file protein-v9.cif (mmCIF, C-alpha atoms)
data_coords
#
loop_
_atom_site.label_atom_id
_atom_site.label_comp_id
_atom_site.auth_asym_id
_atom_site.auth_seq_id
_atom_site.Cartn_x
_atom_site.Cartn_y
_atom_site.Cartn_z
CA MET A 1 10.87 7.54 -36.33
CA LYS A 2 10.84 6.01 -32.86
CA SER A 3 10.57 2.27 -32.24
CA PHE A 4 9.58 0.55 -28.98
CA GLN A 5 9.32 -3.13 -28.09
CA ILE A 6 6.66 -4.24 -25.61
CA ASN A 7 8.04 -5.91 -22.48
CA SER A 8 6.38 -7.99 -19.77
CA ASN A 9 5.33 -4.94 -17.74
CA GLU A 10 3.54 -3.40 -20.75
CA ALA A 11 1.90 -6.49 -22.24
CA GLY A 12 -1.75 -7.29 -21.57
CA GLN A 13 -3.09 -3.74 -21.86
CA ARG A 14 -4.89 -2.00 -24.72
CA PHE A 15 -2.69 -0.32 -27.29
CA ASP A 16 -4.34 3.11 -26.84
CA LYS A 17 -3.79 2.93 -23.06
CA TYR A 18 -0.08 2.28 -23.64
CA LEU A 19 0.15 5.18 -26.13
CA LYS A 20 -1.52 7.59 -23.71
CA LYS A 21 1.21 6.77 -21.18
CA LEU A 22 3.99 7.09 -23.74
CA LEU A 23 2.53 10.35 -25.13
CA SER A 24 1.08 11.57 -21.86
CA GLN A 25 1.15 15.25 -22.85
CA ALA A 26 -0.82 14.66 -26.06
CA PRO A 27 -4.62 14.94 -26.26
CA GLY A 28 -6.41 11.69 -26.98
CA SER A 29 -7.62 13.08 -30.30
CA PHE A 30 -3.99 13.40 -31.45
CA VAL A 31 -3.24 9.76 -30.60
CA TYR A 32 -6.26 8.45 -32.53
CA LYS A 33 -5.54 10.76 -35.47
CA MET A 34 -2.00 9.39 -35.70
CA LEU A 35 -3.38 5.85 -35.60
CA ARG A 36 -5.86 6.60 -38.42
CA LYS A 37 -3.12 8.18 -40.54
CA LYS A 38 -0.82 5.19 -39.85
CA ASN A 39 1.75 7.51 -38.24
CA ILE A 40 1.64 5.07 -35.33
CA THR A 41 1.74 1.37 -36.18
CA LEU A 42 1.70 -1.93 -34.32
CA ASN A 43 3.90 -4.66 -35.78
CA GLY A 44 4.09 -2.71 -39.03
CA LYS A 45 0.32 -2.59 -39.48
CA LYS A 46 -2.43 -0.03 -39.03
CA ALA A 47 -4.13 -0.24 -35.63
CA ASP A 48 -7.15 1.43 -34.01
CA GLY A 49 -5.93 1.31 -30.39
CA SER A 50 -8.20 -1.48 -29.13
CA GLU A 51 -5.60 -4.19 -29.72
CA LYS A 52 -4.24 -6.09 -26.73
CA LEU A 53 -0.45 -5.86 -26.51
CA ASN A 54 1.79 -8.91 -26.29
CA ILE A 55 5.42 -9.30 -25.25
CA GLY A 56 7.68 -8.54 -28.20
CA ASP A 57 5.18 -6.42 -30.15
CA GLU A 58 6.85 -3.54 -32.02
CA VAL A 59 5.43 -0.04 -31.85
CA LYS A 60 6.61 2.55 -34.37
CA LEU A 61 5.94 6.27 -34.15
CA PHE A 62 6.53 8.18 -37.39
CA LEU A 63 6.71 11.55 -35.66
CA SER A 64 9.27 14.34 -35.81
CA ASP A 65 11.72 14.58 -32.91
CA ASP A 66 10.15 17.89 -31.88
CA THR A 67 6.64 16.41 -31.82
CA PHE A 68 7.72 13.36 -29.86
CA GLU A 69 9.61 15.45 -27.29
CA LYS A 70 6.65 17.80 -26.96
CA PHE A 71 4.17 15.05 -26.15
CA SER A 72 6.28 12.30 -24.60
CA SER A 73 6.90 11.56 -20.93
CA TRP A 74 10.06 9.71 -21.92
CA GLN A 75 12.77 12.34 -22.06
CA SER A 76 16.08 12.56 -20.28
CA ASN A 77 16.40 14.82 -17.25
CA SER A 78 18.33 17.37 -19.30
CA GLN A 79 15.69 17.36 -22.07
CA LYS A 80 13.03 18.11 -19.51
CA GLY A 81 15.16 20.83 -17.96
CA GLU A 82 15.28 18.75 -14.82
CA SER A 83 18.51 17.96 -13.02
CA ARG A 84 19.40 14.44 -11.99
CA ASP A 85 19.21 15.60 -8.37
CA ALA A 86 15.67 16.91 -8.92
CA PHE A 87 14.59 13.62 -10.46
CA ALA A 88 16.20 11.71 -7.59
CA GLY A 89 14.25 13.96 -5.22
CA LYS A 90 11.01 12.54 -6.59
CA TYR A 91 12.20 9.03 -5.77
CA PRO A 92 14.57 9.36 -2.81
CA ARG A 93 16.65 6.43 -1.64
CA ILE A 94 16.30 5.67 2.05
CA PRO A 95 17.07 2.44 3.94
CA LEU A 96 14.08 0.11 3.66
CA ASP A 97 13.43 -2.80 6.00
CA ILE A 98 12.98 -5.44 3.29
CA ILE A 99 11.22 -8.58 4.52
CA TYR A 100 11.01 -10.38 1.16
CA GLU A 101 11.88 -9.75 -2.50
CA ASP A 102 11.70 -11.69 -5.75
CA ASP A 103 11.37 -10.71 -9.42
CA ASP A 104 7.73 -9.71 -9.04
CA ILE A 105 7.06 -8.40 -5.52
CA LEU A 106 8.80 -6.52 -2.74
CA VAL A 107 7.59 -6.66 0.87
CA ILE A 108 8.79 -4.07 3.38
CA ASN A 109 8.23 -3.45 7.08
CA LYS A 110 6.67 0.03 6.86
CA PRO A 111 7.57 2.34 9.74
CA VAL A 112 5.12 4.52 11.62
CA GLY A 113 4.68 7.90 9.91
CA MET A 114 5.23 6.73 6.31
CA LEU A 115 2.33 7.06 3.88
CA SER A 116 1.51 3.95 1.85
CA GLN A 117 0.50 6.10 -1.13
CA LYS A 118 0.35 9.83 -1.81
CA ALA A 119 -2.45 11.77 -0.19
CA ALA A 120 -1.41 15.04 -1.88
CA LEU A 121 0.60 15.91 -5.00
CA ASN A 122 3.84 16.75 -3.18
CA ASP A 123 3.76 13.83 -0.75
CA ILE A 124 6.56 11.29 -0.67
CA SER A 125 5.12 7.88 0.15
CA ALA A 126 6.25 4.27 0.33
CA ASN A 127 5.59 4.12 -3.43
CA GLU A 128 8.25 6.73 -4.13
CA TYR A 129 10.75 5.21 -1.69
CA ILE A 130 10.28 1.79 -3.27
CA ILE A 131 10.79 3.20 -6.78
CA GLY A 132 13.88 5.04 -5.50
CA TYR A 133 15.26 1.73 -4.23
CA LEU A 134 14.52 -0.05 -7.53
CA LEU A 135 16.10 2.76 -9.58
CA SER A 136 19.27 2.93 -7.49
CA ASP A 137 19.73 -0.85 -7.71
CA ASP A 138 19.09 -0.86 -11.50
CA LYS A 139 16.00 -3.02 -11.08
CA ILE A 140 13.96 -0.55 -13.14
CA SER A 141 14.97 2.27 -15.47
CA GLU A 142 13.73 5.83 -15.84
CA LYS A 143 12.49 4.87 -19.31
CA GLU A 144 10.44 1.96 -17.97
CA LEU A 145 8.70 4.25 -15.48
CA VAL A 146 6.93 5.96 -18.37
CA THR A 147 4.67 2.99 -19.09
CA PHE A 148 4.74 1.08 -15.77
CA HIS A 149 5.00 2.23 -12.17
CA PRO A 150 5.69 -0.27 -9.39
CA SER A 151 3.02 0.25 -6.77
CA VAL A 152 1.92 -0.92 -3.33
CA CYS A 153 -0.84 -3.55 -3.34
CA ASN A 154 -2.21 -3.15 0.19
CA ARG A 155 -2.64 0.00 2.22
CA LEU A 156 -1.75 0.74 5.81
CA ASP A 157 -2.75 3.88 7.68
CA ARG A 158 0.10 6.36 8.04
CA ASN A 159 0.58 5.52 11.71
CA THR A 160 0.16 1.76 11.32
CA SER A 161 3.42 -0.11 10.84
CA GLY A 162 4.16 -3.49 9.29
CA LEU A 163 3.97 -5.58 6.14
CA LEU A 164 3.44 -3.59 2.96
CA ILE A 165 3.50 -5.37 -0.40
CA ALA A 166 4.52 -3.72 -3.68
CA GLY A 167 4.29 -5.12 -7.20
CA LYS A 168 7.69 -4.77 -8.90
CA SER A 169 6.28 -6.12 -12.16
CA LEU A 170 2.86 -6.00 -13.79
CA LYS A 171 2.55 -9.74 -13.12
CA GLY A 172 3.33 -9.26 -9.43
CA LEU A 173 0.98 -6.30 -9.11
CA GLN A 174 -1.91 -8.13 -10.79
CA GLU A 175 -1.44 -11.41 -8.92
CA MET A 176 -1.11 -9.81 -5.48
CA SER A 177 -4.06 -7.48 -6.10
CA LYS A 178 -6.15 -10.50 -7.07
CA GLN A 179 -5.11 -12.47 -3.98
CA LEU A 180 -5.91 -9.56 -1.68
CA LYS A 181 -9.27 -8.94 -3.35
CA GLU A 182 -10.22 -12.62 -3.13
CA ARG A 183 -8.85 -12.76 0.47
CA SER A 184 -6.75 -15.81 -0.36
CA THR A 185 -3.82 -14.05 1.33
CA GLU A 186 -4.51 -13.94 5.06
CA LYS A 187 -3.51 -10.83 7.02
CA TYR A 188 -2.81 -10.79 10.76
CA TYR A 189 -2.08 -7.76 12.94
CA ARG A 190 -0.75 -7.25 16.45
CA CYS A 191 -2.21 -4.51 18.65
CA LEU A 192 -2.37 -3.48 22.30
CA VAL A 193 -5.90 -2.76 23.51
CA LYS A 194 -7.56 -1.48 26.63
CA GLY A 195 -9.06 -4.14 28.91
CA GLN A 196 -8.57 -7.83 29.47
CA ILE A 197 -9.63 -10.24 26.74
CA ASN A 198 -9.50 -13.93 27.66
CA GLU A 199 -11.00 -15.76 24.70
CA ASN A 200 -10.70 -15.94 20.94
CA GLN A 201 -13.54 -14.13 19.21
CA LEU A 202 -14.98 -13.70 15.72
CA ILE A 203 -16.98 -10.48 15.46
CA GLU A 204 -19.13 -9.13 12.63
CA GLY A 205 -20.75 -5.80 11.86
CA TRP A 206 -21.50 -3.12 9.29
CA LEU A 207 -19.22 -0.15 8.71
CA VAL A 208 -20.22 3.29 7.42
CA LYS A 209 -17.58 5.87 6.49
CA ASP A 210 -17.95 9.64 6.72
CA GLU A 211 -15.69 10.91 3.93
CA LYS A 212 -15.61 14.46 5.30
CA SER A 213 -14.26 13.48 8.71
CA ASN A 214 -12.40 10.39 7.41
CA LYS A 215 -13.92 8.46 10.27
CA VAL A 216 -16.08 5.34 10.35
CA LYS A 217 -18.88 4.02 12.55
CA VAL A 218 -19.55 0.36 13.24
CA PHE A 219 -23.06 -1.06 13.72
CA SER A 220 -23.93 -4.51 15.03
CA LYS A 221 -26.93 -4.83 12.69
CA GLU A 222 -27.19 -4.30 8.95
CA ILE A 223 -27.67 -0.67 7.99
CA ALA A 224 -28.24 1.21 4.73
CA ASP A 225 -24.95 2.04 2.97
CA GLY A 226 -23.10 -0.11 5.50
CA LYS A 227 -20.35 -2.47 4.38
CA TYR A 228 -20.15 -5.89 6.00
CA ILE A 229 -17.05 -6.45 8.14
CA LYS A 230 -15.63 -9.53 9.82
CA THR A 231 -12.75 -9.52 12.31
CA GLY A 232 -11.20 -12.33 14.30
CA TYR A 233 -8.86 -11.97 17.25
CA GLN A 234 -7.06 -13.97 19.91
CA PRO A 235 -5.28 -12.81 23.08
CA ILE A 236 -1.49 -13.25 23.06
CA GLN A 237 -0.54 -11.74 26.43
CA HIS A 238 -2.08 -9.81 29.31
CA PHE A 239 -0.56 -6.70 30.92
CA PHE A 240 -1.48 -4.18 33.56
CA ILE A 241 -0.44 -0.79 34.89
CA GLN A 242 -0.73 -0.21 38.62
CA ASN A 243 -2.40 3.15 39.14
CA GLY A 244 -2.54 3.76 42.88
CA ALA A 245 -4.84 1.14 44.37
CA SER A 246 -6.40 0.28 41.00
CA LYS A 247 -5.10 -1.85 38.16
CA GLU A 248 -5.55 -0.94 34.48
CA ASN A 249 -5.65 -4.02 32.26
CA TYR A 250 -4.41 -4.31 28.68
CA THR A 251 -4.23 -7.17 26.17
CA LEU A 252 -1.85 -7.83 23.31
CA LEU A 253 -4.01 -9.24 20.50
CA GLU A 254 -3.39 -10.96 17.20
CA VAL A 255 -6.15 -9.83 14.86
CA HIS A 256 -7.19 -11.62 11.68
CA LEU A 257 -8.40 -8.98 9.24
CA ILE A 258 -10.92 -11.02 7.27
CA THR A 259 -12.71 -8.36 5.21
CA GLY A 260 -10.41 -5.34 5.21
CA ARG A 261 -12.34 -2.07 5.21
CA SER A 262 -11.06 1.40 6.03
CA HIS A 263 -10.10 1.66 9.74
CA GLN A 264 -11.82 -1.70 10.32
CA ILE A 265 -9.64 -3.06 13.12
CA ARG A 266 -9.45 0.24 14.98
CA ALA A 267 -13.18 0.99 14.82
CA HIS A 268 -14.35 -2.60 15.34
CA LEU A 269 -12.32 -3.12 18.52
CA ALA A 270 -13.36 0.30 19.86
CA SER A 271 -17.02 -0.58 19.22
CA ILE A 272 -16.79 -3.58 21.62
CA GLY A 273 -15.06 -1.57 24.35
CA HIS A 274 -11.44 -2.46 23.59
CA PRO A 275 -9.93 0.52 21.78
CA ILE A 276 -6.33 0.34 20.58
CA VAL A 277 -3.80 2.16 22.75
CA GLY A 278 -2.69 5.45 21.18
CA ASP A 279 -5.55 5.67 18.68
CA SER A 280 -6.53 9.35 18.45
CA LYS A 281 -9.65 8.73 16.33
CA TYR A 282 -11.27 5.79 18.09
CA GLY A 283 -9.29 5.43 21.30
CA ASP A 284 -9.68 6.24 24.99
CA LYS A 285 -8.36 9.73 25.76
CA LYS A 286 -7.16 8.88 29.29
CA VAL A 287 -5.39 5.72 28.11
CA ASN A 288 -3.71 7.66 25.31
CA GLN A 289 -2.56 10.34 27.77
CA THR A 290 -1.03 7.67 30.01
CA PHE A 291 0.99 6.14 27.17
CA ALA A 292 1.96 9.53 25.74
CA LYS A 293 3.40 10.55 29.11
CA ALA A 294 5.06 7.22 29.93
CA PHE A 295 6.32 6.18 26.47
CA ASP A 296 5.98 9.25 24.22
CA ILE A 297 3.50 7.26 22.12
CA HIS A 298 1.26 9.46 19.95
CA PHE A 299 -0.05 6.88 17.45
CA GLN A 300 -2.01 3.63 17.51
CA LEU A 301 -0.08 0.53 18.58
CA LEU A 302 -1.23 -1.45 15.56
CA HIS A 303 1.18 -3.48 13.42
CA ALA A 304 0.63 -5.58 10.26
CA TYR A 305 2.50 -8.53 11.70
CA ARG A 306 2.00 -11.63 9.56
CA MET A 307 0.78 -12.76 6.14
CA LYS A 308 -0.03 -16.25 4.87
CA PHE A 309 0.01 -16.70 1.10
CA PRO A 310 -1.97 -19.34 -0.87
CA ASP A 311 1.26 -21.13 -1.86
CA GLY A 312 2.11 -21.76 1.79
CA ARG A 313 4.63 -18.97 2.25
CA GLU A 314 4.37 -16.98 5.46
CA LEU A 315 6.00 -13.63 6.18
CA THR A 316 6.42 -11.92 9.54
CA ALA A 317 7.52 -8.36 10.29
CA PRO A 318 9.05 -7.56 13.70
CA LEU A 319 7.12 -5.07 15.82
CA SER A 320 8.27 -1.47 15.53
CA LYS A 321 10.88 -0.25 18.00
CA GLU A 322 8.27 1.96 19.64
CA PHE A 323 5.91 -0.98 20.10
CA GLN A 324 8.72 -3.16 21.49
CA ARG A 325 9.68 -0.40 23.91
CA VAL A 326 6.16 -0.40 25.40
CA LEU A 327 6.24 -4.18 25.88
CA ALA A 328 9.79 -4.28 27.27
CA PRO A 329 10.19 -6.04 30.66
CA ASP A 330 11.46 -2.88 32.38
CA SER A 331 8.54 -0.69 31.28
CA ILE A 332 5.64 0.33 33.52
CA LEU A 333 3.51 -2.20 31.65
CA LYS A 334 3.64 -5.40 33.70
CA LYS A 335 2.76 -8.98 32.76
#

call {"tool": "encode", "arguments": {"input": "protein-v9.cif", "output": "structure tokens"}}
result
Amino acid sequence: MKSFQINSNEAGQRFDKYLKKLLSQAPGSFVYKMLRKKNITLNGKKADGSEKLNIGDEVKLFLSDDTFEKFSSWQSNSQKGESRDAFAGKYPRIPLDIIYEDDDILVINKPVGMLSQKAALNDISANEYIIGYLLSDDKISEKELVTFHPSVCNRLDRNTSGLLIAGKSLKGLQEMSKQLKERSTEKYYRCLVKGQINENQLIEGWLVKDEKSNKVKVFSKEIADGKYIKTGYQPIQHFFIQNGASKENYTLLEVHLITGRSHQIRAHLASIGHPIVGDSKYGDKKVNQTFAKAFDIHFQLLHAYRMKFPDGRELTAPLSKEFQRVLAPDSILKK
């Protein structure tokens, strides 16, 4: 017999959902059969799986050790034939630039090149690095990972740096996901764009995504299958590059991402003639070549810079080193 007590990260979900995580290798029919036969009980009573779990509930599994080990995700590394090093490889520990942390959320300054979440099975993303950090600091256990995985709440493109929020607890994950969905948490980005922008603007449009090319198009008028987008921006600083007798103008913007669709900032700014420097999908090829040659920049200069939470808290992430290098006083980019 195995006994488990429901904790705060497991409470609030259906009993059958919890069991399918605990016995992840078992078919659903097996789980429901064990419930019907009272080989799995909740608080000592027969259950059908639809019950909502509460903190402190006791789950008992009257299964043989062999059956439990066959179907359960919760086994030690040695039981699974997996070395500790191999397990650690799934959740590697690397230095993270932690901007904020409490019992429920962790906010990091994501570097350029790091995935927010896996795109393929063997990817290592910010999710895995964050779990690696929590495991190594004993803030979560291998056992707890069976029924709850800390996870990022917002997504940034691989080559966009800046503030990335993860839910350490179920409470944190649910509350932050709700705030982001309701847009009660305000998100502001910094980016360097082609051209000179002198005034604050609020722009609207409709975005259509081509899943095959992973590219979007922005339309100024409503279109079938288009998703409404709204973006605000204000100029922070003007720059130029002297190219012979001509001057190439650039503007550092702070962008308020009001709706938050895929590639919204990049595509929306490009659609009004101000593409982001370094953007290979939506950018200006000649501009990108200039910055690749002068600064070795091969990605969009777009950074999730600031967040304002409903409770009044505000977090800011310093620009990436690469971005700072472009804006440095001794660069070819002049104020």

call {"tool": "closest_residue", "arguments": {"input": "protein-v9.cif", "among": "A:Ala166, A:Ile6, A:Leu257, A:Leu202", "to": "Tyr189 in chain A", "atoms": "all atoms listed in the file"}}
result
A:Leu257

call {"tool": "resolve_selection", "arguments": {"input": "protein-v9.cif", "expression": "the PyMOL selection byres ((chain A and resi 210-221) around 12)", "output": "MDAnalysis selection string"}}
result
chainID A and resid 157 203:209 222:230 261:272 280:282

call {"tool": "write_last_selection", "arguments": {"input": "protein-v9.cif", "atoms": "C-alpha atoms", "output": "compact mmCIF listing (two decimals), in the coordinates of the input"}}
result
# COMPACT_ATOMS: atom_id res chain seq x y z
CA ASP A 157 -2.75 3.88 7.68
CA ILE A 203 -16.98 -10.48 15.46
CA GLU A 204 -19.13 -9.13 12.63
CA GLY A 205 -20.75 -5.80 11.86
CA TRP A 206 -21.50 -3.12 9.29
CA LEU A 207 -19.22 -0.15 8.71
CA VAL A 208 -20.22 3.29 7.42
CA LYS A 209 -17.58 5.87 6.49
CA GLU A 222 -27.19 -4.30 8.95
CA ILE A 223 -27.67 -0.67 7.99
CA ALA A 224 -28.24 1.21 4.73
CA ASP A 225 -24.95 2.04 2.97
CA GLY A 226 -23.10 -0.11 5.50
CA LYS A 227 -20.35 -2.47 4.38
CA TYR A 228 -20.15 -5.89 6.00
CA ILE A 229 -17.05 -6.45 8.14
CA LYS A 230 -15.63 -9.53 9.82
CA ARG A 261 -12.34 -2.07 5.21
CA SER A 262 -11.06 1.40 6.03
CA HIS A 263 -10.10 1.66 9.74
CA GLN A 264 -11.82 -1.70 10.32
CA ILE A 265 -9.64 -3.06 13.12
CA ARG A 266 -9.45 0.24 14.98
CA ALA A 267 -13.18 0.99 14.82
CA HIS A 268 -14.35 -2.60 15.34
CA LEU A 269 -12.32 -3.12 18.52
CA ALA A 270 -13.36 0.30 19.86
CA SER A 271 -17.02 -0.58 19.22
CA ILE A 272 -16.79 -3.58 21.62
CA SER A 280 -6.53 9.35 18.45
CA LYS A 281 -9.65 8.73 16.33
CA TYR A 282 -11.27 5.79 18.09

call {"tool": "residues_around", "arguments": {"input": "protein-v9.cif", "residues": "Thr147 in chain A", "least_positions_apart": "6", "cutoff": "10 Å", "atoms": "only C-alpha atoms", "output": "PDB file with C-alpha atoms, in the coordinates of the input"}}
result
ATOM      1  CA  ILE A   6       6.660  -4.240 -25.610  1.00  0.00           C
ATOM      2  CA  ASN A   9       5.330  -4.940 -17.740  1.00  0.00           C
ATOM      3  CA  GLU A  10       3.540  -3.400 -20.750  1.00  0.00           C
ATOM      4  CA  LYS A  17      -3.790   2.930 -23.060  1.00  0.00           C
ATOM      5  CA  TYR A  18      -0.080   2.280 -23.640  1.00  0.00           C
ATOM      6  CA  LEU A  19       0.150   5.180 -26.130  1.00  0.00           C
ATOM      7  CA  LYS A  20      -1.520   7.590 -23.710  1.00  0.00           C
ATOM      8  CA  LYS A  21       1.210   6.770 -21.180  1.00  0.00           C
ATOM      9  CA  LEU A  22       3.990   7.090 -23.740  1.00  0.00           C
ATOM     10  CA  LEU A  23       2.530  10.350 -25.130  1.00  0.00           C
ATOM     11  CA  SER A  24       1.080  11.570 -21.860  1.00  0.00           C
ATOM     12  CA  SER A  73       6.900  11.560 -20.930  1.00  0.00           C
ATOM     13  CA  TRP A  74      10.060   9.710 -21.920  1.00  0.00           C
TER      14      TRP A  74
END

call {"tool": "resolve_selection", "arguments": {"input": "protein-v9.cif", "expression": "the PyMOL selection byres ((chain A and resi 93-95) around 6)", "output": "mmCIF file with C-alpha atoms, in the frame of the given file"}}
result
data_model
loop_
_atom_site.group_PDB
_atom_site.id
_atom_site.type_symbol
_atom_site.label_atom_id
_atom_site.label_comp_id
_atom_site.auth_asym_id
_atom_site.auth_seq_id
_atom_site.Cartn_x
_atom_site.Cartn_y
_atom_site.Cartn_z
ATOM 1 C CA PRO A 92 14.570 9.360 -2.810
ATOM 2 C CA LEU A 96 14.080 0.110 3.660
ATOM 3 C CA GLY A 132 13.880 5.040 -5.500
ATOM 4 C CA TYR A 133 15.260 1.730 -4.230
#

call {"tool": "atom_distance", "arguments": {"input": "protein-v9.cif", "atom1": "CA of Leu302 in chain A", "atom2": "CA of Ser246 in chain A"}}
result
26.0 Å

call {"tool": "closest_residue", "arguments": {"input": "protein-v9.cif", "among": "A:Ser3, A:Pro275, A:Ser151, A:Leu145", "to": "Asn39 in chain A", "atoms": "only C-alpha atoms"}}
result
A:Ser3

call {"tool": "resolve_selection", "arguments": {"input": "protein-v9.cif", "expression": "the PyMOL selection byres ((chain A and resi 125) around 12)", "output": "PyMOL selection string"}}
result
chain A and resi 90-94+110-124+126-132+151-152+155-158+164

call {"tool": "residues_around", "arguments": {"input": "protein-v9.cif", "residues": "Ala292 in chain A", "least_positions_apart": "5", "cutoff": "8 Å", "atoms": "all atoms listed in the file", "output": "NGL selection string"}}
result
:A and (278 or 297-298)

call {"tool": "closest_residue", "arguments": {"input": "protein-v9.cif", "among": "A:Glu186, A:Asp65, A:Asp102, A:Glu322", "to": "Ala294 in chain A", "atoms": "all atoms listed in the file"}}
result
A:Glu322

call {"tool": "residues_around", "arguments": {"input": "protein-v9.cif", "residues": "Met307 in chain A", "least_positions_apart": "2", "cutoff": "9 Å", "atoms": "only C-alpha atoms", "output": "PyMOL selection string"}}
result
chain A and resi 163+185-189+304-305+309+313-316

call {"tool": "closest_residue", "arguments": {"input": "protein-v9.cif", "among": "A:Phe239, A:Phe15, A:Phe323, A:Phe68", "to": "Cys191 in chain A", "atoms": "all atoms listed in the file"}}
result
A:Phe323

call {"tool": "atom_distance", "arguments": {"input": "protein-v9.cif", "atom1": "CA of Gln242 in chain A", "atom2": "CA of Val277 in chain A"}}
result
16.3 Å

call {"tool": "closest_residue", "arguments": {"input": "protein-v9.cif", "among": "A:Gln5, A:Gln13, A:Gln300, A:Gln196", "to": "His274 in chain A", "atoms": "all atoms listed in the file"}}
result
A:Gln196

call {"tool": "closest_residue", "arguments": {"input": "protein-v9.cif", "among": "A:Ile197, A:Ile40, A:Ala245, A:Leu180", "to": "Tyr233 in chain A", "atoms": "only C-alpha atoms"}}
result
A:Ile197

call {"tool": "atom_distance", "arguments": {"input": "protein-v9.cif", "atom1": "CA of Gly172 in chain A", "atom2": "CA of Asn159 in chain A"}}
result
25.9 Å

call {"tool": "residues_around", "arguments": {"input": "protein-v9.cif", "residues": "Leu333 in chain A", "least_positions_apart": "5", "cutoff": "12 Å", "atoms": "only C-alpha atoms", "output": "list in words"}}
result
Leu192, Gln237, His238, Phe239, Phe240, Ile241, Gln242, Asn243, Lys247, Glu248, Asn249, Tyr250, Thr251, Leu252, Thr290, Phe291, Ala294, Phe295, Phe323, Gln324, Arg325, Val326, Leu327 and Ala328 of chain A

call {"tool": "residues_around", "arguments": {"input": "protein-v9.cif", "residues": "Glu182 in chain A", "least_positions_apart": "6", "cutoff": "12 Å", "atoms": "only C-alpha atoms", "output": "VMD selection string"}}
result
chain A and resid 175 to 176 258 to 260 309 to 310

call {"tool": "write_last_selection", "arguments": {"input": "protein-v9.cif", "atoms": "C-alpha atoms", "output": "PDB file, in the coordinates of the input"}}
result
ATOM      1  CA  GLU A 175      -1.440 -11.410  -8.920  1.00  0.00           C
ATOM      2  CA  MET A 176      -1.110  -9.810  -5.480  1.00  0.00           C
ATOM      3  CA  ILE A 258     -10.920 -11.020   7.270  1.00  0.00           C
ATOM      4  CA  THR A 259     -12.710  -8.360   5.210  1.00  0.00           C
ATOM      5  CA  GLY A 260     -10.410  -5.340   5.210  1.00  0.00           C
ATOM      6  CA  PHE A 309       0.010 -16.700   1.100  1.00  0.00           C
ATOM      7  CA  PRO A 310      -1.970 -19.340  -0.870  1.00  0.00           C
TER       8      PRO A 310
END
